[in-house]
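J.: Got a structure here, written out as structure tokens. Questions coming.
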Amino acid sequence: MKNRLHILRAEQRWSQAELAQRLDVSRQTINAIETGKYDPSLPLAFKIARLFNQQIEEIFDPDAEE
């Protein structure tokens, strides 16, 4: 699933490790989400959306392929 996580993270000037710590996941999880190799669980998607103060649909596009 295509997503804007890398862009949002870069706008905050956070490393993958910093974002992972804020979300209580591993850096590898962040990398996998950003590269489209892993789709986050619904609870994690909500957590990401809340962190960036956006709607899930603004971050993740289930209709777009990587």
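Ordered as shown in the structure tokens, chains take letters A, B, and onward, while each chain numbers its residues from 1 and ligands are numbered from 1 in the order shown.
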Give me the residues near Ala49 (chain A) as a PyMOL selection string, where near means some atom within 12 Å (using only C-alpha atoms) and where sequence neighbours in that chain fewer than 4 positions away do not count.
T.: chain A and resi 3-5+8-9+23+40+42-45+53-60
J.: Mind dumping the selected residues with N, CA and C atoms as an mmCIF file, in the first residue's frame?
T.:
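Wrote selection33.cif, looks like this:
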data_model
loop_
_atom_site.group_PDB
_atom_site.id
_atom_site.type_symbol
_atom_site.label_atom_id
_atom_site.label_comp_id
_atom_site.auth_asym_id
_atom_site.auth_seq_id
_atom_site.Cartn_x
_atom_site.Cartn_y
_atom_site.Cartn_z
ATOM 1 N N ASN A 3 2.067 4.984 0.742
ATOM 2 C CA ASN A 3 1.851 5.852 1.893
ATOM 3 C C ASN A 3 2.798 7.053 1.862
ATOM 4 N N ARG A 4 2.508 8.017 2.696
ATOM 5 C CA ARG A 4 3.285 9.258 2.778
ATOM 6 C C ARG A 4 4.136 9.310 4.048
ATOM 7 N N LEU A 5 4.358 8.188 4.684
ATOM 8 C CA LEU A 5 5.052 8.178 5.969
ATOM 9 C C LEU A 5 6.448 8.777 5.871
ATOM 10 N N LEU A 8 6.165 12.600 5.683
ATOM 11 C CA LEU A 8 5.758 13.180 6.968
ATOM 12 C C LEU A 8 6.893 13.122 7.981
ATOM 13 N N ARG A 9 7.603 12.008 7.989
ATOM 14 C CA ARG A 9 8.738 11.859 8.916
ATOM 15 C C ARG A 9 9.827 12.866 8.582
ATOM 16 N N LEU A 23 6.346 5.619 18.251
ATOM 17 C CA LEU A 23 5.236 4.707 17.976
ATOM 18 C C LEU A 23 5.359 3.381 18.721
ATOM 19 N N PRO A 40 0.669 -1.569 7.996
ATOM 20 C CA PRO A 40 0.492 -1.531 9.453
ATOM 21 C C PRO A 40 -0.871 -2.068 9.870
ATOM 22 N N LEU A 42 -4.370 -1.901 11.928
ATOM 23 C CA LEU A 42 -5.274 -0.768 12.082
ATOM 24 C C LEU A 42 -4.926 0.062 13.327
ATOM 25 N N PRO A 43 -4.664 -0.562 14.477
ATOM 26 C CA PRO A 43 -4.281 0.248 15.642
ATOM 27 C C PRO A 43 -3.006 1.067 15.394
ATOM 28 N N LEU A 44 -2.033 0.490 14.703
ATOM 29 C CA LEU A 44 -0.805 1.227 14.414
ATOM 30 C C LEU A 44 -1.079 2.351 13.415
ATOM 31 N N ALA A 45 -1.918 2.103 12.432
ATOM 32 C CA ALA A 45 -2.266 3.150 11.467
ATOM 33 C C ALA A 45 -2.941 4.327 12.173
ATOM 34 N N ASN A 53 -1.306 14.122 13.272
ATOM 35 C CA ASN A 53 -2.520 14.941 13.266
ATOM 36 C C ASN A 53 -3.179 14.946 11.880
ATOM 37 N N GLN A 54 -3.324 13.748 11.312
ATOM 38 C CA GLN A 54 -3.940 13.589 10.000
ATOM 39 C C GLN A 54 -4.905 12.413 10.032
ATOM 40 N N GLN A 55 -5.741 12.341 9.018
ATOM 41 C CA GLN A 55 -6.622 11.195 8.846
ATOM 42 C C GLN A 55 -5.806 10.041 8.252
ATOM 43 N N ILE A 56 -6.198 8.819 8.549
ATOM 44 C CA ILE A 56 -5.506 7.653 8.001
ATOM 45 C C ILE A 56 -5.447 7.729 6.476
ATOM 46 N N GLU A 57 -6.553 8.142 5.872
ATOM 47 C CA GLU A 57 -6.637 8.199 4.410
ATOM 48 C C GLU A 57 -5.685 9.229 3.805
ATOM 49 N N GLU A 58 -5.257 10.209 4.601
ATOM 50 C CA GLU A 58 -4.305 11.210 4.123
ATOM 51 C C GLU A 58 -2.883 10.650 4.097
ATOM 52 N N ILE A 59 -2.655 9.591 4.845
ATOM 53 C CA ILE A 59 -1.311 8.985 4.942
ATOM 54 C C ILE A 59 -1.213 7.729 4.094
ATOM 55 N N PHE A 60 -2.243 6.900 4.149
ATOM 56 C CA PHE A 60 -2.225 5.607 3.459
ATOM 57 C C PHE A 60 -3.256 5.578 2.342
#
J.: I'd like the contact shell of Ala17 (chain A) - 9 Å cut-off, only C-alpha atoms, skipping same-chain residues fewer than 4 positions apart - returned as a PyMOL selection string.
T.: chain A and resi 21-22+26-28+30
J.: Selected residues, N, CA, C and O atoms, written as a PDB file, in the first residue's frame, please.
T.:
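The result, stored in selection_1.pdb:
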ATOM      1  N   GLN A  21      10.519   4.943  17.943  1.00  0.00           N
ATOM      2  CA  GLN A  21      10.431   5.115  19.398  1.00  0.00           C
ATOM      3  C   GLN A  21       9.116   5.795  19.780  1.00  0.00           C
ATOM      4  O   GLN A  21       8.460   5.391  20.739  1.00  0.00           O
ATOM      5  N   ARG A  22       8.703   6.802  19.029  1.00  0.00           N
ATOM      6  CA  ARG A  22       7.455   7.512  19.310  1.00  0.00           C
ATOM      7  C   ARG A  22       6.240   6.597  19.141  1.00  0.00           C
ATOM      8  O   ARG A  22       5.222   6.794  19.805  1.00  0.00           O
ATOM      9  N   SER A  26       9.680  -1.159  16.104  1.00  0.00           N
ATOM     10  CA  SER A  26      11.091  -1.203  15.728  1.00  0.00           C
ATOM     11  C   SER A  26      11.366  -0.301  14.525  1.00  0.00           C
ATOM     12  O   SER A  26      10.452   0.031  13.761  1.00  0.00           O
ATOM     13  N   ARG A  27      12.615   0.082  14.364  1.00  0.00           N
ATOM     14  CA  ARG A  27      13.015   0.866  13.197  1.00  0.00           C
ATOM     15  C   ARG A  27      12.755   0.063  11.933  1.00  0.00           C
ATOM     16  O   ARG A  27      12.377   0.608  10.900  1.00  0.00           O
ATOM     17  N   GLN A  28      12.939  -1.248  12.001  1.00  0.00           N
ATOM     18  CA  GLN A  28      12.699  -2.109  10.849  1.00  0.00           C
ATOM     19  C   GLN A  28      11.232  -2.063  10.424  1.00  0.00           C
ATOM     20  O   GLN A  28      10.925  -2.130   9.232  1.00  0.00           O
ATOM     21  N   ILE A  30       9.245   0.571  10.727  1.00  0.00           N
ATOM     22  CA  ILE A  30       9.083   1.847  10.032  1.00  0.00           C
ATOM     23  C   ILE A  30       9.626   1.731   8.609  1.00  0.00           C
ATOM     24  O   ILE A  30       8.977   2.151   7.645  1.00  0.00           O
TER      25      ILE A  30
END
J.: Which residues come within 12 Å of Ile7 (chain A), counting only C-alpha atoms, excluding same-chain residues fewer than 4 positions away, as JSON, numbers by chain?
T.: {"A": [2, 3, 11, 12, 13, 14, 15, 16, 34, 35, 52, 58, 59, 60]}
J.: Quick one: distance from CA of Ile33 (chain A) to CA of Met1 (chain A) in Å, one decimal?
T.: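 Value for the CA of Ile33 (chain A)-CA of Met1 (chain A) distance: 8.6 Å.
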J.: Quick one: DSSP helix (DSSP H, G or I) residues in chain A, as JSON, numbers by chain?
T.: {"A": [5, 6, 7, 8, 9, 10, 11, 12, 16, 17, 18, 19, 20, 21, 22, 23, 27, 28, 29, 30, 31, 32, 33, 34, 42, 43, 44, 45, 46, 47, 48, 49, 50, 51, 56, 57, 58, 59]}
J.: Give the answer as one residue: which of A:Phe46, A:His6, A:Glu18, A:Leu51 has the shortest atom-to-atom distance to Ala32 (chain A), using only C-alpha atoms?
T.: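 Under the stated criterion, the closest residue is A:His6.
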J.: Based on DSSP run over this structure's backbone, return all residues of chain A in strand (DSSP E), as a PyMOL selection string.
T.: chain A and resi 2-3+60-61
J.: Using the selection just defined, write its residues with N, CA, C and O atoms as a PDB file, in the first residue's frame.
T.:
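As written to disk, part-v2.pdb reads:
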ATOM      1  N   LYS A   2       0.569   2.169  -0.865  1.00  0.00           N
ATOM      2  CA  LYS A   2       1.346   3.398  -0.956  1.00  0.00           C
ATOM      3  C   LYS A   2       1.034   4.286   0.252  1.00  0.00           C
ATOM      4  O   LYS A   2      -0.096   4.314   0.730  1.00  0.00           O
ATOM      5  N   ASN A   3       2.067   4.984   0.742  1.00  0.00           N
ATOM      6  CA  ASN A   3       1.851   5.852   1.893  1.00  0.00           C
ATOM      7  C   ASN A   3       2.798   7.053   1.862  1.00  0.00           C
ATOM      8  O   ASN A   3       3.770   7.073   1.101  1.00  0.00           O
ATOM      9  N   PHE A  60      -2.243   6.900   4.149  1.00  0.00           N
ATOM     10  CA  PHE A  60      -2.225   5.607   3.459  1.00  0.00           C
ATOM     11  C   PHE A  60      -3.256   5.578   2.342  1.00  0.00           C
ATOM     12  O   PHE A  60      -4.388   5.991   2.517  1.00  0.00           O
ATOM     13  N   ASP A  61      -2.856   5.061   1.179  1.00  0.00           N
ATOM     14  CA  ASP A  61      -3.760   4.944   0.033  1.00  0.00           C
ATOM     15  C   ASP A  61      -3.887   3.475  -0.332  1.00  0.00           C
ATOM     16  O   ASP A  61      -3.025   2.923  -1.029  1.00  0.00           O
TER      17      ASP A  61
END
